[in-house]
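J.: One file: data_25.txt (compact mmCIF, C-alpha atoms and all ligand atoms).
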# COMPACT_ATOMS: atom_id res chain seq x y z
CA MET U 433 -17.55 -30.16 68.40
CA ASN U 434 -13.73 -30.20 68.27
CA VAL U 435 -12.47 -33.52 69.54
CA LEU U 436 -9.01 -34.58 70.70
CA ILE U 437 -8.15 -38.30 70.96
CA ILE U 438 -5.15 -39.26 73.10
CA GLY U 439 -3.18 -42.30 71.92
CA SER U 440 -1.61 -43.78 68.81
CA GLY U 441 -2.62 -47.42 68.44
CA GLY U 442 -5.23 -49.54 66.68
CA ARG U 443 -7.87 -48.68 69.26
CA GLU U 444 -7.33 -44.97 68.67
CA HIS U 445 -7.36 -45.45 64.89
CA ALA U 446 -10.75 -47.17 65.26
CA LEU U 447 -12.03 -44.39 67.54
CA ALA U 448 -10.87 -41.77 65.04
CA TRP U 449 -12.56 -43.68 62.19
CA LYS U 450 -15.85 -43.83 64.09
CA ILE U 451 -15.81 -40.26 65.43
CA LYS U 452 -14.86 -38.93 61.99
CA GLN U 453 -18.26 -40.11 60.71
CA SER U 454 -20.17 -37.90 63.14
CA PRO U 455 -22.09 -34.96 61.70
CA LEU U 456 -21.48 -33.20 65.03
CA LEU U 457 -17.71 -33.23 64.56
CA GLY U 458 -15.87 -29.98 63.93
CA LYS U 459 -12.16 -30.69 63.73
CA LEU U 460 -10.61 -33.98 64.84
CA HIS U 461 -7.20 -33.99 66.55
CA CYS U 462 -5.08 -36.84 67.87
CA LEU U 463 -2.02 -36.74 70.15
CA PRO U 464 0.47 -38.18 69.45
CA GLY U 465 -1.47 -39.99 66.71
CA SER U 466 0.16 -42.03 63.97
CA ALA U 467 0.78 -41.88 60.25
CA ALA U 468 -2.50 -43.72 59.64
CA ILE U 469 -4.50 -41.58 62.06
CA ALA U 470 -3.09 -38.47 60.36
CA ALA U 471 -5.33 -39.31 57.38
CA LEU U 472 -8.35 -38.64 59.67
CA ALA U 473 -7.11 -36.18 62.26
CA VAL U 474 -4.60 -33.41 62.86
CA CYS U 475 -1.63 -35.00 64.70
CA PRO U 476 0.78 -32.32 65.86
CA GLY U 477 3.04 -34.81 67.63
CA ILE U 478 2.72 -33.84 71.30
CA ALA U 479 3.59 -36.85 73.48
CA GLN U 480 0.80 -38.43 75.55
CA GLU U 481 3.00 -38.02 78.66
CA ASP U 482 3.25 -34.26 78.12
CA GLN U 483 0.28 -33.21 80.25
CA ASP U 484 1.05 -29.49 80.15
CA GLY U 485 1.54 -29.65 76.39
CA ILE U 486 -1.85 -31.38 76.01
CA LEU U 487 -3.57 -28.82 78.24
CA GLY U 488 -2.05 -25.93 76.29
CA TYR U 489 -3.11 -27.55 73.03
CA CYS U 490 -6.71 -28.00 74.24
CA LEU U 491 -6.92 -24.35 75.24
CA SER U 492 -5.35 -22.97 72.07
CA GLU U 493 -7.32 -25.23 69.70
CA GLY U 494 -10.70 -24.86 71.39
CA ILE U 495 -11.07 -28.58 72.13
CA ASP U 496 -14.60 -29.41 73.32
CA LEU U 497 -14.03 -33.06 74.21
CA VAL U 498 -10.93 -35.14 74.98
CA VAL U 499 -11.20 -38.91 74.54
CA ILE U 500 -8.34 -40.69 76.34
CA GLY U 501 -7.45 -44.06 74.79
CA PRO U 502 -4.66 -45.73 76.82
CA GLU U 503 -4.47 -46.46 80.55
CA ALA U 504 -1.13 -44.75 81.25
CA PRO U 505 -2.33 -41.12 80.87
CA LEU U 506 -5.45 -41.99 82.90
CA ALA U 507 -3.34 -43.49 85.69
CA GLY U 508 -1.14 -40.39 85.41
CA GLY U 509 -4.08 -38.09 86.19
CA LEU U 510 -4.56 -36.47 82.77
CA ALA U 511 -8.35 -36.41 83.16
CA ASP U 512 -8.06 -34.68 86.55
CA LEU U 513 -5.79 -31.98 85.10
CA LEU U 514 -8.03 -31.27 82.10
CA THR U 515 -11.39 -31.37 83.90
CA GLY U 516 -9.87 -29.07 86.55
CA LYS U 517 -9.44 -26.51 83.76
CA GLY U 518 -13.03 -26.93 82.59
CA ILE U 519 -12.29 -29.21 79.63
CA LYS U 520 -14.70 -32.09 79.05
CA VAL U 521 -13.02 -35.47 79.21
CA PHE U 522 -14.09 -39.00 78.34
CA GLY U 523 -11.91 -41.01 80.72
CA PRO U 524 -11.82 -41.49 84.50
CA SER U 525 -9.88 -39.66 87.19
CA ARG U 526 -6.58 -41.02 88.49
CA LYS U 527 -8.47 -42.55 91.40
CA GLY U 528 -10.99 -44.22 89.09
CA ALA U 529 -8.11 -45.49 86.95
CA MET U 530 -6.80 -47.39 89.98
CA LEU U 531 -9.37 -50.06 89.07
CA GLU U 532 -6.84 -50.92 86.36
CA SER U 533 -3.56 -49.56 87.72
CA SER U 534 -3.77 -51.52 90.99
CA LYS U 535 -4.98 -55.12 91.10
CA GLN U 536 -5.23 -54.80 94.88
CA PHE U 537 -7.48 -51.75 94.61
CA ALA U 538 -9.63 -53.49 91.99
CA LYS U 539 -10.00 -56.71 94.01
CA GLU U 540 -10.81 -54.87 97.24
CA PHE U 541 -13.29 -52.63 95.37
CA MET U 542 -15.04 -55.74 94.02
CA ASP U 543 -15.02 -57.30 97.47
CA ARG U 544 -16.48 -54.18 99.15
CA ASN U 545 -19.17 -53.85 96.50
CA GLY U 546 -20.22 -57.48 96.12
CA ILE U 547 -18.99 -57.88 92.54
CA PRO U 548 -18.37 -61.57 91.74
CA THR U 549 -14.66 -62.29 91.32
CA ALA U 550 -12.08 -64.97 92.17
CA GLY U 551 -11.06 -65.39 95.82
CA PHE U 552 -7.77 -63.63 96.56
CA ALA U 553 -5.10 -62.54 99.02
CA VAL U 554 -2.87 -59.47 98.79
CA LEU U 555 0.76 -60.10 99.69
CA TYR U 556 3.06 -57.24 100.57
CA SER U 557 6.45 -58.96 100.69
CA ALA U 558 8.22 -61.91 99.10
CA ALA U 559 8.47 -63.56 102.52
CA ALA U 560 4.72 -63.28 103.07
CA ALA U 561 4.07 -64.56 99.56
CA ARG U 562 6.33 -67.62 100.11
CA GLU U 563 4.60 -68.38 103.37
CA ARG U 564 1.19 -68.16 101.72
CA ILE U 565 2.36 -70.40 98.86
CA ALA U 566 3.78 -72.99 101.29
CA ALA U 567 0.29 -73.27 102.80
CA ASN U 568 -1.46 -73.44 99.42
CA ARG U 569 -2.83 -76.86 98.46
CA LYS U 570 -4.72 -76.00 95.29
CA TYR U 571 -3.08 -75.67 91.87
CA PRO U 572 -3.06 -74.01 89.44
CA VAL U 573 -2.98 -70.73 91.28
CA VAL U 574 -2.84 -67.26 89.73
CA ILE U 575 -0.27 -64.64 90.74
CA LYS U 576 -0.64 -61.05 89.55
CA ALA U 577 1.71 -58.10 89.89
CA ASP U 578 -0.25 -55.27 91.49
CA GLY U 579 0.62 -52.50 89.06
CA LEU U 580 0.51 -51.87 85.30
CA ALA U 581 2.62 -54.41 83.41
CA ALA U 582 1.39 -54.05 79.81
CA GLY U 583 -0.85 -57.11 80.20
CA LYS U 584 2.09 -59.34 81.17
CA GLY U 585 1.82 -59.25 84.95
CA VAL U 586 -0.38 -62.35 85.27
CA ARG U 587 1.03 -65.87 85.78
CA ILE U 588 -1.03 -69.03 85.89
CA CYS U 589 1.17 -71.21 88.10
CA ALA U 590 0.78 -74.97 87.66
CA ASP U 591 2.66 -75.87 90.85
CA GLU U 592 4.53 -74.53 93.84
CA ALA U 593 7.77 -74.09 91.89
CA GLY U 594 5.96 -71.93 89.31
CA ALA U 595 4.36 -69.82 92.04
CA LEU U 596 7.71 -69.27 93.76
CA ALA U 597 9.28 -68.31 90.43
CA ALA U 598 6.54 -65.72 89.86
CA VAL U 599 7.17 -64.24 93.30
CA GLU U 600 10.89 -64.07 92.60
CA ASP U 601 10.38 -62.43 89.19
CA PHE U 602 7.73 -59.91 90.28
CA MET U 603 8.84 -59.06 93.82
CA GLU U 604 12.60 -59.60 93.90
CA ARG U 605 13.89 -59.32 90.34
CA ARG U 606 11.23 -56.64 89.78
CA VAL U 607 10.80 -57.51 86.11
CA PHE U 608 7.90 -55.03 86.02
CA GLY U 609 9.55 -52.51 88.33
CA ALA U 610 7.42 -51.05 91.12
CA ALA U 611 4.36 -52.85 89.69
CA GLY U 612 5.68 -55.93 91.53
CA SER U 613 6.03 -54.37 94.97
CA LYS U 614 2.83 -56.19 95.95
CA VAL U 615 1.18 -59.25 94.40
CA VAL U 616 -2.33 -60.63 94.39
CA LEU U 617 -2.67 -64.38 94.71
CA GLU U 618 -5.91 -65.55 93.14
CA GLU U 619 -8.06 -68.61 92.91
CA PHE U 620 -7.86 -70.16 89.42
CA LEU U 621 -11.18 -69.98 87.56
CA THR U 622 -12.23 -72.06 84.59
CA GLY U 623 -14.69 -71.35 81.80
CA ARG U 624 -14.98 -69.29 78.64
CA GLU U 625 -13.92 -65.65 78.62
CA ALA U 626 -15.56 -62.59 77.15
CA SER U 627 -15.42 -58.90 77.78
CA VAL U 628 -18.21 -56.43 78.30
CA MET U 629 -17.63 -52.71 78.07
CA ALA U 630 -20.02 -50.08 79.31
CA LEU U 631 -20.02 -46.34 78.76
CA THR U 632 -20.71 -44.43 81.94
CA ASP U 633 -21.14 -40.87 83.16
CA GLY U 634 -20.74 -42.00 86.76
CA GLU U 635 -24.52 -42.26 87.26
CA SER U 636 -25.80 -44.62 84.61
CA ALA U 637 -24.26 -47.06 82.19
CA LEU U 638 -24.78 -48.05 78.58
CA LEU U 639 -23.59 -51.55 77.73
CA LEU U 640 -21.77 -52.13 74.46
CA PRO U 641 -22.14 -55.49 72.71
CA ALA U 642 -19.96 -58.19 74.28
CA ALA U 643 -16.70 -59.14 72.57
CA ARG U 644 -14.06 -61.81 72.84
CA ASP U 645 -10.39 -61.30 72.26
CA HIS U 646 -7.84 -64.00 71.59
CA LYS U 647 -4.84 -63.36 73.81
CA ARG U 648 -2.50 -66.21 72.89
CA LEU U 649 -0.17 -65.94 69.93
CA LEU U 650 -1.07 -69.18 68.17
CA ASP U 651 -4.14 -71.02 66.92
CA GLY U 652 -6.06 -73.07 69.46
CA ASP U 653 -4.97 -70.74 72.29
CA ALA U 654 -1.41 -72.02 72.25
CA GLY U 655 1.81 -70.05 72.64
CA PRO U 656 2.63 -67.02 74.77
CA ASN U 657 0.21 -64.33 75.89
CA THR U 658 0.07 -61.21 73.73
CA GLY U 659 -1.71 -57.89 73.77
CA GLY U 660 -4.46 -59.66 71.76
CA MET U 661 -4.35 -61.33 68.33
CA GLY U 662 -7.90 -60.60 67.27
CA ALA U 663 -11.45 -60.09 68.46
CA VAL U 664 -15.03 -60.84 67.54
CA CYS U 665 -18.18 -58.89 68.38
CA PRO U 666 -20.89 -59.53 69.35
CA VAL U 667 -20.59 -62.84 71.18
CA GLU U 668 -23.64 -64.67 72.44
CA ILE U 669 -24.22 -64.43 76.19
CA GLY U 670 -27.09 -66.34 77.81
CA GLU U 671 -29.95 -64.44 79.41
CA ALA U 672 -29.14 -65.47 82.99
CA ASP U 673 -25.48 -64.52 82.60
CA MET U 674 -26.44 -61.19 81.03
CA GLU U 675 -28.72 -60.49 83.98
CA THR U 676 -25.83 -61.21 86.40
CA ILE U 677 -23.53 -58.93 84.41
CA SER U 678 -25.97 -56.01 84.47
CA THR U 679 -27.09 -56.32 88.06
CA GLU U 680 -24.06 -57.74 89.89
CA VAL U 681 -21.20 -56.36 87.82
CA ILE U 682 -22.24 -53.10 86.13
CA GLN U 683 -24.85 -51.89 88.62
CA ARG U 684 -22.65 -52.70 91.61
CA PHE U 685 -19.74 -51.01 89.86
CA LEU U 686 -21.91 -47.88 89.48
CA ASP U 687 -23.02 -48.03 93.11
CA GLY U 688 -19.39 -48.47 94.17
CA ILE U 689 -17.95 -45.57 92.18
CA LYS U 690 -20.69 -43.28 93.47
CA LYS U 691 -20.26 -44.34 97.08
CA GLU U 692 -16.47 -44.10 96.85
CA ARG U 693 -16.51 -40.90 94.76
CA LEU U 694 -14.20 -42.25 92.10
CA ASN U 695 -15.28 -39.66 89.52
CA PHE U 696 -15.59 -42.13 86.70
CA ARG U 697 -16.75 -40.81 83.33
CA GLY U 698 -15.63 -42.97 80.45
CA VAL U 699 -15.72 -46.66 79.72
CA ILE U 700 -15.40 -49.56 82.12
CA TYR U 701 -14.16 -52.83 80.65
CA ALA U 702 -14.98 -55.99 82.55
CA GLY U 703 -12.92 -59.03 81.54
CA LEU U 704 -15.20 -61.94 82.51
CA MET U 705 -14.85 -65.66 83.06
CA PHE U 706 -18.10 -67.63 82.62
CA THR U 707 -17.58 -70.18 85.38
CA PRO U 708 -19.97 -72.98 86.37
CA ASP U 709 -21.10 -70.58 89.16
CA GLY U 710 -21.84 -67.78 86.70
CA PRO U 711 -19.79 -64.88 85.34
CA LYS U 712 -16.94 -63.53 87.47
CA VAL U 713 -14.72 -60.52 86.85
CA LEU U 714 -11.10 -61.36 86.03
CA GLU U 715 -10.05 -57.77 85.62
CA PHE U 716 -11.30 -54.26 85.12
CA ASN U 717 -9.80 -51.93 82.55
CA VAL U 718 -10.70 -48.26 82.62
CA ARG U 719 -10.54 -47.70 78.87
CA PHE U 720 -11.62 -49.27 75.61
CA GLY U 721 -10.14 -52.74 75.03
CA ASP U 722 -7.55 -53.25 72.36
CA PRO U 723 -8.22 -55.06 69.98
CA GLU U 724 -11.89 -55.39 71.10
CA THR U 725 -12.64 -51.81 70.10
CA GLN U 726 -11.62 -52.57 66.51
CA ALA U 727 -14.40 -55.21 66.43
CA VAL U 728 -16.99 -53.40 68.58
CA LEU U 729 -17.13 -50.00 66.88
CA PRO U 730 -17.90 -51.35 63.38
CA VAL U 731 -21.11 -53.02 64.65
CA ILE U 732 -22.40 -49.78 66.22
CA LYS U 733 -24.69 -48.07 63.75
CA SER U 734 -25.41 -44.94 65.79
CA ASP U 735 -23.19 -41.91 66.00
CA LEU U 736 -20.82 -42.59 68.90
CA LEU U 737 -19.76 -38.99 69.51
CA PRO U 738 -22.94 -37.79 71.30
CA ALA U 739 -22.72 -40.79 73.65
CA LEU U 740 -19.06 -40.07 74.48
CA ALA U 741 -19.87 -36.39 75.05
CA ALA U 742 -22.87 -37.35 77.21
CA CYS U 743 -20.55 -39.41 79.44
CA ALA U 744 -18.21 -36.46 79.87
CA GLU U 745 -21.15 -34.14 80.65
CA GLY U 746 -22.95 -36.43 83.09
CA LYS U 747 -25.93 -36.75 80.75
CA LEU U 748 -25.87 -40.37 79.65
CA ALA U 749 -29.21 -41.43 81.17
CA GLY U 750 -31.77 -42.55 78.60
CA ARG U 751 -29.27 -42.84 75.75
CA ASP U 752 -29.08 -45.88 73.56
CA LEU U 753 -26.95 -47.05 70.66
CA GLU U 754 -28.36 -48.83 67.65
CA LEU U 755 -26.37 -51.78 66.30
CA THR U 756 -25.95 -52.82 62.67
CA GLY U 757 -26.98 -56.41 63.45
CA GLU U 758 -23.83 -57.73 61.79
CA THR U 759 -20.85 -59.50 63.34
CA CYS U 760 -17.35 -58.07 63.14
CA VAL U 761 -14.17 -60.14 63.17
CA ALA U 762 -10.89 -58.24 63.62
CA VAL U 763 -7.73 -60.21 62.87
CA VAL U 764 -4.41 -58.83 64.05
CA ALA U 765 -1.35 -59.11 61.83
CA ALA U 766 1.77 -59.08 63.99
CA ALA U 767 5.44 -58.71 63.14
CA ALA U 768 7.95 -61.57 63.07
CA GLY U 769 9.38 -62.07 66.55
CA TYR U 770 6.26 -60.73 68.33
CA PRO U 771 5.70 -60.70 71.30
CA GLU U 772 9.34 -61.00 72.44
CA LYS U 773 11.32 -59.03 69.90
CA PRO U 774 9.27 -57.77 66.97
CA GLU U 775 11.09 -56.92 63.77
CA LYS U 776 10.38 -53.44 62.45
CA GLY U 777 10.80 -51.50 59.24
CA ARG U 778 9.34 -54.04 56.78
CA PRO U 779 7.34 -52.58 53.86
CA ILE U 780 3.59 -53.38 53.91
CA THR U 781 1.71 -53.88 50.66
CA GLY U 782 -1.95 -54.31 49.77
CA LEU U 783 -3.37 -51.85 52.29
CA TYR U 784 -5.60 -49.90 49.95
CA ASP U 785 -8.87 -50.49 48.09
CA GLN U 786 -10.59 -52.70 50.64
CA ALA U 787 -14.09 -54.05 49.97
CA PRO U 788 -17.07 -52.38 51.67
CA GLY U 789 -17.42 -53.56 55.28
CA VAL U 790 -13.66 -53.99 55.67
CA GLN U 791 -11.46 -51.62 57.67
CA VAL U 792 -7.74 -51.78 58.26
CA PHE U 793 -6.86 -50.30 61.65
CA HIS U 794 -3.17 -49.53 62.08
CA ALA U 795 -1.52 -50.31 65.41
CA GLY U 796 2.21 -50.23 64.71
CA THR U 797 2.96 -48.72 61.32
CA ALA U 798 4.98 -45.75 60.10
CA LYS U 799 5.16 -44.01 56.77
CA ARG U 800 8.26 -43.43 54.66
CA ASP U 801 7.93 -41.73 51.26
CA GLU U 802 4.17 -42.40 51.16
CA ALA U 803 4.65 -46.13 51.82
CA TYR U 804 3.74 -47.87 55.07
CA LEU U 805 6.31 -49.85 57.06
CA THR U 806 5.91 -52.05 60.13
CA ALA U 807 6.78 -50.17 63.32
CA GLY U 808 5.50 -52.27 66.21
CA GLY U 809 4.66 -55.76 67.46
CA ARG U 810 1.02 -55.70 66.54
CA VAL U 811 1.10 -54.03 63.15
CA LEU U 812 -2.54 -53.76 62.13
CA ALA U 813 -5.96 -55.36 62.41
CA VAL U 814 -8.26 -56.18 59.54
CA ALA U 815 -11.83 -55.73 60.75
CA ALA U 816 -14.62 -57.09 58.58
CA CYS U 817 -18.37 -57.19 59.09
CA GLY U 818 -20.82 -59.74 57.79
CA THR U 819 -24.07 -61.48 58.58
CA GLY U 820 -22.87 -63.93 61.23
CA THR U 821 -19.38 -64.95 62.26
CA ALA U 822 -18.66 -67.21 59.28
CA ALA U 823 -19.35 -64.43 56.77
CA ALA U 824 -17.33 -61.90 58.77
CA ARG U 825 -14.43 -64.34 59.07
CA GLU U 826 -14.43 -65.06 55.36
CA ARG U 827 -14.31 -61.36 54.57
CA ALA U 828 -11.61 -60.60 57.14
CA TYR U 829 -9.33 -63.42 56.03
CA GLY U 830 -10.02 -62.62 52.36
CA ALA U 831 -8.89 -59.03 52.93
CA LEU U 832 -5.91 -60.12 55.03
CA SER U 833 -4.68 -62.42 52.27
CA GLY U 834 -4.10 -59.35 50.11
CA ILE U 835 -1.96 -57.60 52.76
CA LYS U 836 1.67 -58.62 52.98
CA PHE U 837 4.83 -57.88 54.91
CA GLU U 838 7.85 -60.04 55.62
CA GLY U 839 7.40 -62.36 58.61
CA MET U 840 3.69 -61.53 59.15
CA GLN U 841 2.03 -63.74 61.76
CA TYR U 842 -1.67 -64.03 62.40
CA ARG U 843 -4.11 -66.52 63.88
CA LYS U 844 -6.41 -68.43 61.54
CA ASP U 845 -9.06 -69.11 64.18
CA ILE U 846 -10.24 -65.65 65.25
CA GLY U 847 -13.98 -65.82 65.89
CA LEU U 848 -14.15 -69.61 66.06
P1 LIG B 901 -5.98 -60.24 83.49
O1 LIG B 901 -4.95 -59.32 82.89
O2 LIG B 901 -6.14 -60.11 84.94
O3 LIG B 901 -7.27 -60.26 82.73
O4 LIG B 901 -5.40 -61.69 83.20
C1 LIG B 901 -4.98 -62.07 81.90
C2 LIG B 901 -5.52 -63.44 81.59
O5 LIG B 901 -5.11 -64.36 82.60
C3 LIG B 901 -7.04 -63.52 81.59
O6 LIG B 901 -7.58 -63.14 80.36
C4 LIG B 901 -7.26 -64.98 81.90
O7 LIG B 901 -7.12 -65.77 80.74
C5 LIG B 901 -6.14 -65.30 82.85
N1 LIG B 901 -6.57 -65.17 84.25
C6 LIG B 901 -6.52 -64.06 85.03
N2 LIG B 901 -7.03 -64.31 86.24
C7 LIG B 901 -7.42 -65.59 86.25
C8 LIG B 901 -8.04 -66.45 87.22
N3 LIG B 901 -8.33 -66.02 88.45
N4 LIG B 901 -8.32 -67.71 86.84
C9 LIG B 901 -8.00 -68.17 85.62
N5 LIG B 901 -7.44 -67.42 84.67
C10 LIG B 901 -7.13 -66.15 84.97
N1 LIG B 902 -7.73 -56.81 75.10
C1 LIG B 902 -7.48 -56.64 76.47
C2 LIG B 902 -7.15 -55.28 76.87
O1 LIG B 902 -7.43 -54.32 76.18
O2 LIG B 902 -6.60 -55.13 77.94
Show this structure as structure tokens.
T.:
Amino acid sequence: MNVLIIGSGGREHALAWKIKQSPLLGKLHCLPGSAAIAALAVCPGIAQEDQDGILGYCLSEGIDLVVIGPEAPLAGGLADLLTGKGIKVFGPSRKGAMLESSKQFAKEFMDRNGIPTAGFAVLYSAAAARERIAANRKYPVVIKADGLAAGKGVRICADEAGALAAVEDFMERRVFGAAGSKVVLEEFLTGREASVMALTDGESALLLPAARDHKRLLDGDAGPNTGGMGAVCPVEIGEADMETISTEVIQRFLDGIKKERLNFRGVIYAGLMFTPDGPKVLEFNVRFGDPETQAVLPVIKSDLLPALAACAEGKLAGRDLELTGETCVAVVAAAAGYPEKPEKGRPITGLYDQAPGVQVFHAGTAKRDEAYLTAGGRVLAVAACGTGTAAARERAYGALSGIKFEGMQYRKDIGL
């Protein structure tokens, strides 16, 4: 099977690493890929926005399966274009991707289908939002830009002034462009967070082990929100909560996509808050989580490729994935200045000769004269497996201590 991965980050590096191990694999390709992914896959440098270029490449290279990593090409309808030409795709249609690309669509979908989530109101103008805020008595309150905002379109507002500032930024100053043309005002939930991903062919679902990412920059969940500073998998979820997740979140999601014909073949990511009233969905993503994937894939023992292909073919029913039984901790090393203004171009040392059970997944690196340099905010993740979290943590931090670049920042409490 010739496989093409779309994307270039740490998640795609981890997908390439896992798929590369499959005995079913013919040739592995990745667009646009990265210097690190090029060690595993052919990366001919076609941009992920270039839909016609990707289609032409699939046809000329005899691609049997396309695995789409990031949300933007999904929201842009890449899966629709390729499946329309008879190419098998792991990744939902543009309409299915609206579960991530529109908070309004996602909230109303959950509401229609009885999926537990925070109470909400959709507001279509700044005036309507201000009116709603003036009547609001309960703080904090959560305000979300409707559209894609690279994970930054969510504000937890401690008081009325904060809520009004969010409305001004999103809806009037348009700091996230058209993504702020509508906002969702949401009830603030409390509890621990975790994420559950499930592979789906649109008919049935296969749950992956639950993971937890650490979104804040600094130890103890302090500092600004980031794309994610590390992840651990699996995390313990109680039996009652797991039952709610399978029956009220995943099963109702499946019922909903069938009823509404969303044409969803890929992975659904449910970001969950474990509230005193049980788990509730904070957000859906329509793709593998980043950096969760870097911690989830190393604990899957089975070949992943047949499961991904089964999703694309509508043949997932009855499939299972065997786990290694270990825990994986993935610690992100970020550049100085991240998340505001990451510094780039710093040489990275100590990348090679990792111990067994340790993988370095590159997110933002480039190569110059055979040496790696930093080239993004999140530079890489060190993912290490061990028996239990403590052992995995020790291995991950041991490996990370050998990797160096100027200004490197990382959290010391991933997995705790
Ligand atoms: P989202 O991108 O919607 O997952 O939001 C990003 C983060 O904001 C989540 O991981 C939560 O920590 C927080 N958040 C989002 N919605 C809520 C909510 N309704 N109550 C409390 N925290 C929230
Ligand atoms: N780690 C959260 C996300 O992938 O959106």
J.: May I ask which of the residues U:Gly501, U:Gly820, U:Gly488, U:Gly442 is the closest one to Pro723 in chain U, counting all atoms listed in the file?
T.: U:Gly442
J.: Any chance you could tabulate, as a tab-separated table, the residues of chain U at most 7 Å from ligand LIG 901 (chain B) with each one's nearest atom pair and distance in Å to one decimal, using all atoms listed in the file, in chain and rising number order?
T.:
residue	atom	partner	partner_atom	distance
U:Ala550	CA	B:LIG901	N3	5.4
U:Val574	CA	B:LIG901	N3	5.8
U:Gly583	CA	B:LIG901	O1	5.4
U:Val586	CA	B:LIG901	O4	5.5
U:Ile588	CA	B:LIG901	N5	6.7
U:Glu618	CA	B:LIG901	N3	5.3
U:Glu619	CA	B:LIG901	N3	5.2
U:Phe620	CA	B:LIG901	N4	3.6
U:Leu621	CA	B:LIG901	N4	3.7
U:Thr622	CA	B:LIG901	C9	5.8
U:Gly703	CA	B:LIG901	O3	5.9
U:Leu714	CA	B:LIG901	N2	5.0
U:Glu715	CA	B:LIG901	O2	4.6
J.: For the selection you just gave me, I'd like the residues written to a file as a PDB file, in the frame of the given file, keeping C-alpha atoms.
T.:
ATOM      1  CA  ALA U 550     -12.080 -64.970  92.170  1.00  0.00           C
ATOM      2  CA  VAL U 574      -2.840 -67.260  89.730  1.00  0.00           C
ATOM      3  CA  GLY U 583      -0.850 -57.110  80.200  1.00  0.00           C
ATOM      4  CA  VAL U 586      -0.380 -62.350  85.270  1.00  0.00           C
ATOM      5  CA  ILE U 588      -1.030 -69.030  85.890  1.00  0.00           C
ATOM      6  CA  GLU U 618      -5.910 -65.550  93.140  1.00  0.00           C
ATOM      7  CA  GLU U 619      -8.060 -68.610  92.910  1.00  0.00           C
ATOM      8  CA  PHE U 620      -7.860 -70.160  89.420  1.00  0.00           C
ATOM      9  CA  LEU U 621     -11.180 -69.980  87.560  1.00  0.00           C
ATOM     10  CA  THR U 622     -12.230 -72.060  84.590  1.00  0.00           C
ATOM     11  CA  GLY U 703     -12.920 -59.030  81.540  1.00  0.00           C
ATOM     12  CA  LEU U 714     -11.100 -61.360  86.030  1.00  0.00           C
ATOM     13  CA  GLU U 715     -10.050 -57.770  85.620  1.00  0.00           C
TER      14      GLU U 715
END
J.: What residues of the protein or nucleic acid chains come within 6 Å of ligand LIG 902 (chain B) when you use all atoms listed in the file? Reply as JSON, numbers by chain.
T.: {"U": [645, 660, 721, 722, 723, 724]}
J.: Work out how far CA of Gly634 in chain U is from CA of Ile700 in chain U, in Å to one decimal.
T.: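 If I compute the distance from CA of Ile700 in chain U to CA of Gly634 in chain U, I get 10.4 Å.
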J.: Quick check, in Å to one decimal: how far apart do CA of Ser534 in chain U and CA of Ala448 in chain U lie?
T.: 28.6 Å
J.: Hey, can you check how far CA of Lys576 in chain U sits from CA of Asp709 in chain U?
T.: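 The value is 22.6 Å.
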J.: Given the choices U:Gln683, U:Gln726, U:Ser636, U:Ser833, which gets closest to Lys450 in chain U if the distance is worked out from all atoms listed in the file?
T.: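 Between U:Gln683, U:Gln726, U:Ser636, U:Ser833, the residue approaching Lys450 in chain U most closely is U:Gln726.
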J.: Need the shell around Thr725 in chain U: protein/DNA/RNA residues with any atom at most 9 Å away, counting all atoms listed in the file. Skip same-chain ones fewer than 4 positions apart. Format as a VMD selection string?
T.: chain U and resid 442 to 444 446 to 447 643 663 720 to 721 729 to 730
J.: Tell me, as JSON, numbers by chain, which residues lie within 8 Å of Thr549 in chain U, counting only C-alpha atoms; anything in the same chain fewer than 3 positions away does not count.
T.: {"U": [539, 542, 543, 712, 713, 714]}
J.: Name the closest residue to Lys773 in chain U among the candidates U:Ala807, U:Ala566, U:Ala590, U:Leu755; distances are taken between atoms, counting all atoms listed in the file.
T.: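 Of U:Ala807, U:Ala566, U:Ala590, U:Leu755, the one nearest Lys773 in chain U, counting all atoms listed in the file, is U:Ala807.
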J.: Do you know which residues are at most 9 Å from Gly508 in chain U counting only C-alpha atoms, after dropping those on the same chain fewer than 4 positions away, and could you put them as number ranges by chain?
T.: U: 481, 483, 503-504, 525-526, 529
J.: Restricting the calculation to all atoms listed in the file: of U:Ala507, U:Gly757, U:Lys584, U:Trp449, which residue gets closest to Pro656 in chain U?
T.: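 When distances to Pro656 in chain U are compared using all atoms listed in the file, the smallest one comes from U:Lys584.
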